[in-house]
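Containing PDB, C-alpha atoms: query33.pdb.
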ATOM      1  CA  VAL H   3       0.000   0.000   0.000  1.00  0.00           C
ATOM      2  CA  CYS H   4       1.386   3.368  -1.010  1.00  0.00           C
ATOM      3  CA  PHE H   5      -0.301   6.456   0.402  1.00  0.00           C
ATOM      4  CA  GLY H   6       2.045   9.095  -0.915  1.00  0.00           C
ATOM      5  CA  SER H   7       0.413   9.366  -4.334  1.00  0.00           C
ATOM      6  CA  ARG H   8      -3.133   8.812  -3.148  1.00  0.00           C
ATOM      7  CA  GLU H   9      -3.279   5.474  -4.765  1.00  0.00           C
ATOM      8  CA  ILE H  10      -4.091   2.300  -3.008  1.00  0.00           C
ATOM      9  CA  TRP H  11      -2.346  -0.828  -4.152  1.00  0.00           C
ATOM     10  CA  THR H  12      -3.991  -4.017  -3.045  1.00  0.00           C
ATOM     11  CA  ALA H  13      -3.530  -7.550  -4.171  1.00  0.00           C
ATOM     12  CA  GLY H  14      -3.598  -7.273  -7.945  1.00  0.00           C
ATOM     13  CA  SER H  15      -5.616  -4.043  -8.250  1.00  0.00           C
ATOM     14  CA  ARG H  16      -4.978  -0.368  -8.227  1.00  0.00           C
ATOM     15  CA  SER H  17      -7.537   2.305  -7.301  1.00  0.00           C
ATOM     16  CA  THR H  18      -7.249   6.039  -6.928  1.00  0.00           C
ATOM     17  CA  MET H  19      -8.723   7.826  -3.905  1.00  0.00           C
ATOM     18  CA  ALA H  20     -11.120  10.677  -4.510  1.00  0.00           C
ATOM     19  CA  PRO H  21      -9.567  14.083  -4.052  1.00  0.00           C
ATOM     20  CA  LYS H  22     -10.304  15.836  -0.737  1.00  0.00           C
ATOM     21  CA  ALA H  23     -11.612  18.990  -2.356  1.00  0.00           C
ATOM     22  CA  ASP H  24     -15.204  18.279  -1.184  1.00  0.00           C
ATOM     23  CA  ALA H  25     -14.199  17.733   2.467  1.00  0.00           C
ATOM     24  CA  PRO H  26     -13.390  21.370   3.313  1.00  0.00           C
ATOM     25  CA  LYS H  27     -16.723  22.512   1.846  1.00  0.00           C
ATOM     26  CA  ALA H  28     -18.706  20.220   4.202  1.00  0.00           C
ATOM     27  CA  GLY H  29     -16.470  21.223   7.082  1.00  0.00           C
ATOM     28  CA  THR H  30     -17.129  24.934   6.592  1.00  0.00           C
ATOM     29  CA  GLU H  31     -20.903  24.427   6.733  1.00  0.00           C
ATOM     30  CA  GLU H  32     -20.467  22.473   9.964  1.00  0.00           C
ATOM     31  CA  ASP H  33     -18.047  25.109  11.223  1.00  0.00           C
ATOM     32  CA  LYS H  34     -20.552  27.846  10.419  1.00  0.00           C
ATOM     33  CA  ALA H  35     -23.309  25.972  12.296  1.00  0.00           C
ATOM     34  CA  GLU H  36     -21.006  25.472  15.310  1.00  0.00           C
ATOM     35  CA  ALA H  37     -19.996  29.134  15.239  1.00  0.00           C
ATOM     36  CA  ALA H  38     -23.679  30.179  15.146  1.00  0.00           C
ATOM     37  CA  LYS H  39     -24.433  27.893  18.122  1.00  0.00           C
ATOM     38  CA  ALA H  40     -21.480  29.294  20.067  1.00  0.00           C
ATOM     39  CA  ALA H  41     -22.573  32.871  19.344  1.00  0.00           C
ATOM     40  CA  ALA H  42     -26.159  32.122  20.455  1.00  0.00           C
ATOM     41  CA  ARG H  43     -24.846  30.403  23.596  1.00  0.00           C
ATOM     42  CA  ALA H  44     -22.623  33.396  24.444  1.00  0.00           C
ATOM     43  CA  GLU H  45     -25.560  35.779  23.907  1.00  0.00           C
ATOM     44  CA  ILE H  46     -27.824  33.738  26.214  1.00  0.00           C
ATOM     45  CA  GLU H  47     -25.104  33.512  28.880  1.00  0.00           C
ATOM     46  CA  ALA H  48     -24.650  37.297  28.756  1.00  0.00           C
ATOM     47  CA  LYS H  49     -28.414  37.849  29.159  1.00  0.00           C
ATOM     48  CA  VAL H  50     -28.594  35.411  32.090  1.00  0.00           C
ATOM     49  CA  LYS H  51     -25.619  37.082  33.784  1.00  0.00           C
ATOM     50  CA  ALA H  52     -27.186  40.539  33.367  1.00  0.00           C
ATOM     51  CA  ALA H  53     -30.534  39.299  34.728  1.00  0.00           C
ATOM     52  CA  LEU H  54     -28.857  37.731  37.781  1.00  0.00           C
ATOM     53  CA  GLU H  55     -26.928  40.928  38.490  1.00  0.00           C
ATOM     54  CA  ALA H  56     -30.143  42.974  38.209  1.00  0.00           C
ATOM     55  CA  ARG H  57     -31.988  40.567  40.526  1.00  0.00           C
ATOM     56  CA  ASN H  58     -29.203  40.680  43.121  1.00  0.00           C
ATOM     57  CA  ALA H  59     -29.114  44.485  43.019  1.00  0.00           C
ATOM     58  CA  ALA H  60     -32.902  44.685  43.425  1.00  0.00           C
ATOM     59  CA  ALA H  61     -32.795  42.166  46.287  1.00  0.00           C
ATOM     60  CA  ALA H  62     -30.115  44.196  48.052  1.00  0.00           C
ATOM     61  CA  GLU H  63     -32.186  47.392  47.734  1.00  0.00           C
ATOM     62  CA  GLY H  64     -35.408  45.578  48.702  1.00  0.00           C
ATOM     63  CA  GLY H  65     -33.680  43.876  51.642  1.00  0.00           C
ATOM     64  CA  GLU H  66     -32.651  47.229  53.101  1.00  0.00           C
ATOM     65  CA  ALA H  67     -36.196  48.563  52.670  1.00  0.00           C
ATOM     66  CA  LYS H  68     -37.599  45.459  54.387  1.00  0.00           C
ATOM     67  CA  LYS H  69     -35.178  45.903  57.293  1.00  0.00           C
ATOM     68  CA  VAL H  70     -36.295  49.513  57.774  1.00  0.00           C
ATOM     69  CA  ALA H  71     -39.984  48.519  57.668  1.00  0.00           C
ATOM     70  CA  ALA H  72     -39.361  45.686  60.139  1.00  0.00           C
ATOM     71  CA  LYS H  73     -37.568  48.053  62.504  1.00  0.00           C
ATOM     72  CA  LYS H  74     -40.638  50.336  62.506  1.00  0.00           C
ATOM     73  CA  GLN H  75     -42.956  47.415  63.317  1.00  0.00           C
ATOM     74  CA  THR H  76     -40.855  46.149  66.232  1.00  0.00           C
ATOM     75  CA  ASN H  77     -41.279  49.481  68.014  1.00  0.00           C
ATOM     76  CA  ASP H  78     -44.847  48.464  68.935  1.00  0.00           C
ATOM     77  CA  PRO H  79     -44.555  46.772  72.369  1.00  0.00           C
ATOM     78  CA  ALA H  80     -48.266  45.861  72.349  1.00  0.00           C
ATOM     79  CA  ARG H  81     -47.487  42.992  69.941  1.00  0.00           C
ATOM     80  CA  PHE H  82     -44.563  41.633  71.979  1.00  0.00           C
ATOM     81  CA  GLY H  83     -45.559  38.620  74.041  1.00  0.00           C
ATOM     82  CA  THR H  84     -46.336  34.913  74.026  1.00  0.00           C
ATOM     83  CA  HIS H  85     -48.337  33.575  71.094  1.00  0.00           C
ATOM     84  CA  HIS H  86     -49.914  30.368  72.467  1.00  0.00           C
ATOM     85  CA  GLY H  87     -50.691  27.636  69.921  1.00  0.00           C
ATOM     86  CA  ILE H  88     -48.556  29.258  67.200  1.00  0.00           C
ATOM     87  CA  THR H  89     -45.507  27.397  65.871  1.00  0.00           C
ATOM     88  CA  CYS H  90     -42.691  29.023  63.917  1.00  0.00           C
ATOM     89  CA  ASP H  91     -42.558  27.563  60.408  1.00  0.00           C
ATOM     90  CA  GLY H  92     -38.816  28.211  60.231  1.00  0.00           C
ATOM     91  CA  CYS H  93     -37.397  26.572  63.367  1.00  0.00           C
ATOM     92  CA  GLU H  94     -40.538  24.728  64.576  1.00  0.00           C
ATOM     93  CA  VAL H  95     -40.485  26.465  67.985  1.00  0.00           C
ATOM     94  CA  GLY H  96     -43.810  26.754  69.718  1.00  0.00           C
ATOM     95  CA  PRO H  97     -45.244  28.836  71.214  1.00  0.00           C
ATOM     96  CA  ILE H  98     -43.636  31.878  69.630  1.00  0.00           C
ATOM     97  CA  ILE H  99     -42.314  34.231  72.314  1.00  0.00           C
ATOM     98  CA  GLY H 100     -41.584  37.803  71.276  1.00  0.00           C
ATOM     99  CA  TYR H 101     -42.827  39.226  67.995  1.00  0.00           C
ATOM    100  CA  ARG H 102     -44.827  36.970  65.670  1.00  0.00           C
ATOM    101  CA  TRP H 103     -44.205  37.684  61.988  1.00  0.00           C
ATOM    102  CA  ARG H 104     -46.987  36.570  59.648  1.00  0.00           C
ATOM    103  CA  CYS H 105     -46.738  36.582  55.841  1.00  0.00           C
ATOM    104  CA  SER H 106     -49.484  38.661  54.273  1.00  0.00           C
ATOM    105  CA  MET H 107     -49.047  36.850  50.937  1.00  0.00           C
ATOM    106  CA  CYS H 108     -49.397  33.257  52.250  1.00  0.00           C
ATOM    107  CA  LYS H 109     -52.409  31.538  53.759  1.00  0.00           C
ATOM    108  CA  ASN H 110     -50.602  30.296  56.897  1.00  0.00           C
ATOM    109  CA  HIS H 111     -46.947  31.217  57.367  1.00  0.00           C
ATOM    110  CA  ASP H 112     -45.581  32.464  60.716  1.00  0.00           C
ATOM    111  CA  LEU H 113     -41.991  33.173  61.783  1.00  0.00           C
ATOM    112  CA  CYS H 114     -40.362  33.950  65.129  1.00  0.00           C
ATOM    113  CA  GLU H 115     -37.981  36.893  65.517  1.00  0.00           C
ATOM    114  CA  ASP H 116     -34.812  34.874  64.816  1.00  0.00           C
ATOM    115  CA  CYS H 117     -36.168  33.315  61.629  1.00  0.00           C
ATOM    116  CA  HIS H 118     -37.481  36.713  60.484  1.00  0.00           C
ATOM    117  CA  ASN H 119     -34.011  38.223  60.976  1.00  0.00           C
ATOM    118  CA  THR H 120     -32.595  35.369  58.875  1.00  0.00           C
ATOM    119  CA  PHE H 121     -35.217  36.169  56.232  1.00  0.00           C
ATOM    120  CA  LEU H 122     -34.094  39.818  56.217  1.00  0.00           C
ATOM    121  CA  ASP H 123     -30.518  38.616  55.637  1.00  0.00           C
ATOM    122  CA  GLY H 124     -31.623  36.796  52.478  1.00  0.00           C
ATOM    123  CA  LYS H 125     -32.435  33.225  53.554  1.00  0.00           C
ATOM    124  CA  LEU H 126     -35.836  31.694  54.282  1.00  0.00           C
ATOM    125  CA  ASN H 127     -35.850  28.913  56.874  1.00  0.00           C
ATOM    126  CA  HIS H 128     -38.801  26.575  56.562  1.00  0.00           C
ATOM    127  CA  GLY H 129     -38.683  23.417  58.659  1.00  0.00           C
ATOM    128  CA  LEU H 130     -42.388  22.617  58.210  1.00  0.00           C
ATOM    129  CA  GLN H 131     -42.243  22.521  54.394  1.00  0.00           C
ATOM    130  CA  ARG H 132     -43.847  19.071  54.301  1.00  0.00           C
ATOM    131  CA  LYS H 133     -46.810  20.047  56.512  1.00  0.00           C
ATOM    132  CA  ASN H 134     -47.207  23.642  55.303  1.00  0.00           C
ATOM    133  CA  PRO H 135     -45.805  24.066  51.779  1.00  0.00           C
ATOM    134  CA  VAL H 136     -44.955  27.668  50.895  1.00  0.00           C
ATOM    135  CA  SER H 137     -42.778  29.276  48.260  1.00  0.00           C
ATOM    136  CA  GLN H 138     -39.025  29.364  48.941  1.00  0.00           C
ATOM    137  CA  ARG H 139     -38.581  32.559  46.883  1.00  0.00           C
ATOM    138  CA  LEU H 140     -37.913  35.608  49.050  1.00  0.00           C
ATOM    139  CA  GLU H 141     -39.861  37.876  46.682  1.00  0.00           C
ATOM    140  CA  ASP H 142     -43.069  35.924  47.392  1.00  0.00           C
ATOM    141  CA  HIS H 143     -43.213  36.920  51.084  1.00  0.00           C
ATOM    142  CA  GLU H 144     -44.068  40.076  52.986  1.00  0.00           C
ATOM    143  CA  PHE H 145     -44.119  39.804  56.788  1.00  0.00           C
ATOM    144  CA  THR H 146     -45.896  41.965  59.364  1.00  0.00           C
ATOM    145  CA  THR H 147     -46.182  41.659  63.142  1.00  0.00           C
ATOM    146  CA  VAL H 148     -49.419  40.119  64.400  1.00  0.00           C
ATOM    147  CA  ALA H 149     -51.070  39.689  67.811  1.00  0.00           C
ATOM    148  CA  GLU H 150     -54.295  37.657  67.658  1.00  0.00           C
ATOM    149  CA  PRO H 151     -56.589  38.209  70.664  1.00  0.00           C
ATOM    150  CA  GLY H 152     -57.337  34.518  71.317  1.00  0.00           C
ATOM    151  CA  SER H 153     -53.777  33.220  71.350  1.00  0.00           C
ATOM    152  CA  PHE H 154     -51.773  36.249  72.490  1.00  0.00           C
ATOM    153  CA  ALA H 155     -50.626  37.153  75.998  1.00  0.00           C
ATOM    154  CA  ALA H 156     -48.725  40.440  76.268  1.00  0.00           C
ATOM    155  CA  MET H 157     -45.521  40.697  78.276  1.00  0.00           C
ATOM    156  CA  LYS H 158     -45.483  42.885  81.412  1.00  0.00           C
ATOM    157  CA  MET H 159     -43.552  45.610  79.603  1.00  0.00           C
ATOM    158  CA  ALA H 160     -46.157  45.725  76.839  1.00  0.00           C
ATOM    159  CA  GLU H 161     -49.086  45.926  79.278  1.00  0.00           C
ATOM    160  CA  SER H 162     -47.650  49.002  81.003  1.00  0.00           C
ATOM    161  CA  GLY H 163     -47.122  50.803  77.708  1.00  0.00           C
ATOM    162  CA  GLY H 164     -43.411  50.100  77.482  1.00  0.00           C
ATOM    163  CA  ALA H 165     -42.497  51.402  80.952  1.00  0.00           C
ATOM    164  CA  ALA H 166     -40.625  49.203  83.396  1.00  0.00           C
ATOM    165  CA  THR H 167     -42.873  47.439  85.888  1.00  0.00           C
ATOM    166  CA  ALA H 168     -43.005  48.847  89.414  1.00  0.00           C
ATOM    167  CA  PRO H 169     -41.601  46.579  92.141  1.00  0.00           C
ATOM    168  CA  LYS H 170     -44.247  44.903  94.263  1.00  0.00           C
ATOM    169  CA  GLU H 171     -44.463  45.536  97.991  1.00  0.00           C
ATOM    170  CA  LYS H 172     -43.126  42.803 100.202  1.00  0.00           C
ATOM    171  CA  LYS H 173     -45.870  40.409 101.214  1.00  0.00           C
ATOM    172  CA  VAL H 174     -46.560  40.254 104.953  1.00  0.00           C
ATOM    173  CA  LYS H 175     -46.548  36.701 106.255  1.00  0.00           C
ATOM    174  CA  PRO H 176     -49.114  35.586 108.865  1.00  0.00           C
ATOM    175  CA  ASN H 177     -46.631  35.193 111.780  1.00  0.00           C
ATOM    176  CA  GLU H 178     -44.847  38.533 111.228  1.00  0.00           C
ATOM    177  CA  PRO H 179     -45.696  41.659 113.213  1.00  0.00           C
ATOM    178  CA  CYS H 180     -48.677  43.545 111.819  1.00  0.00           C
ATOM    179  CA  PRO H 181     -47.792  46.606 109.673  1.00  0.00           C
ATOM    180  CA  CYS H 182     -50.341  48.718 111.625  1.00  0.00           C
ATOM    181  CA  ASN H 183     -47.883  48.707 114.589  1.00  0.00           C
ATOM    182  CA  SER H 184     -50.420  47.168 117.019  1.00  0.00           C
ATOM    183  CA  GLY H 185     -47.780  44.797 118.388  1.00  0.00           C
ATOM    184  CA  LYS H 186     -49.838  41.731 117.446  1.00  0.00           C
ATOM    185  CA  LYS H 187     -49.090  39.104 114.819  1.00  0.00           C
ATOM    186  CA  PHE H 188     -50.505  39.881 111.408  1.00  0.00           C
ATOM    187  CA  LYS H 189     -52.751  36.778 111.477  1.00  0.00           C
ATOM    188  CA  LYS H 190     -54.378  37.940 114.755  1.00  0.00           C
ATOM    189  CA  CYS H 191     -54.781  41.592 113.740  1.00  0.00           C
ATOM    190  CA  CYS H 192     -55.382  42.742 110.144  1.00  0.00           C
ATOM    191  CA  PHE H 193     -55.141  39.467 108.221  1.00  0.00           C
ATOM    192  CA  LYS H 194     -58.190  38.691 106.062  1.00  0.00           C
ATOM    193  CA  PRO H 195     -58.173  35.299 104.346  1.00  0.00           C
TER     194      PRO H 195
END
Would you encode the structure as structure tokens?
Amino acid sequence: VCFGSREIWTAGSRSTMAPKADAPKAGTEEDKAEAAKAAARAEIEAKVKAALEARNAAAAEGGEAKKVAAKKQTNDPARFGTHHGITCDGCEVGPIIGYRWRCSMCKNHDLCEDCHNTFLDGKLNHGLQRKNPVSQRLEDHEFTTVAEPGSFAAMKMAESGGAATAPKEKKVKPNEPCPCNSGKKFKKCCFKP
């Protein structure tokens, strides 16, 4: 077999190979198709990158706005207390003690203060996803503080309007001297059961 002259010598026969002039023509059409695919792929990747950058910028701006709004809502001490029968959907703590954050966009989605702070930082905890399925997208949620009358018990600070509670007077025990200075034991003088 001799390949130098593009002839193939086999046992008793000689044949000439077809010239390779057609091969580059087919290759250029394939090359053009590959180049078009690569250009389309690069264009799509650029659009996706731009969209992700825009989304991240909007989330950063929206996150700051949400933090400011949340700060305003936590200044209301009347909603700070124990929320009996309410479980946090993020960490599964129940009852929620402190502020209860309820999503106004979802049917039933409550968070405690810690999980709400995590939400403001850009992550949504949801431990009860199997029992209470909600969207994992941050854009789909808007939380406000809630205090339902049937399940809410205000803290002492909230009941007094935010002022510190006054210390209680020391309780007089039955066998102590009576506070009226009669000289008798309290149980024999002014004690009323």
Checklist entry - Could you spell out the hits of the PyMOL selection byres ((chain H and resi 146) around 8) on the shown file, as a PyMOL selection string? => result chain H and resi 72+75+103-106+144-145+147-148
Given 6 Å of margin on each side, can you work out the centre and size in Å (one decimal) of an axis-aligned box holding every listed atom of stretch 119-125 of chain H, as AutoDock Vina command-line options?
--center_x -32.9 --center_y 36.5 --center_z 56.7 --size_x 16.7 --size_y 18.6 --size_z 20.5
Next on the checklist: So that I can see what lies close to H:Tyr101, please list as a ChimeraX atom specification the residues with an atom at most 9 Å from it, counting only C-alpha atoms and leaving out residues fewer than 2 positions away in the same chain.
Outcome noted: /H:76,79,81-85,98-99,103,113-115,147-149
Next on the checklist: Using Å and a single decimal, report how far atom CA of H:Gly129 sits from atom CA of H:Gly92.
Outcome noted: 5.0 Å
Checklist entry - Between H:Val136, H:Pro181, H:Pro176, H:Asp112, which one has atoms that come closest to H:Lys194, using all atoms listed in the file? => result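 Counting all atoms listed in the file, the residue closest to H:Lys194 is H:Pro176.
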Checklist entry - Could you work out how far atom CA of H:Met107 lies from atom CA of H:Glu94, giving the answer in Å with one decimal? => result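 Between atom CA of H:Glu94 and atom CA of H:Met107 the gap works out to 20.1 Å.
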Item to check | Matched chain/residue IDs from the PyMOL selection byres ((chain H and resi 126) around 12), as a PyMOL selection string | outcome: chain H and resi 91-93+111-114+116-125+127-131+136-145
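Going from atom CA of H:Cys108 over to atom CA of H:Ala53, you cover 26.4 Å.
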Next on the checklist: With all atoms listed in the file as the counted atoms, please give the residues lying no more than 9 Å from H:Lys187, apart from itself and same-chain residues fewer than 5 positions off, as a PyMOL selection string.
Outcome noted: chain H and resi 176-180+192-193
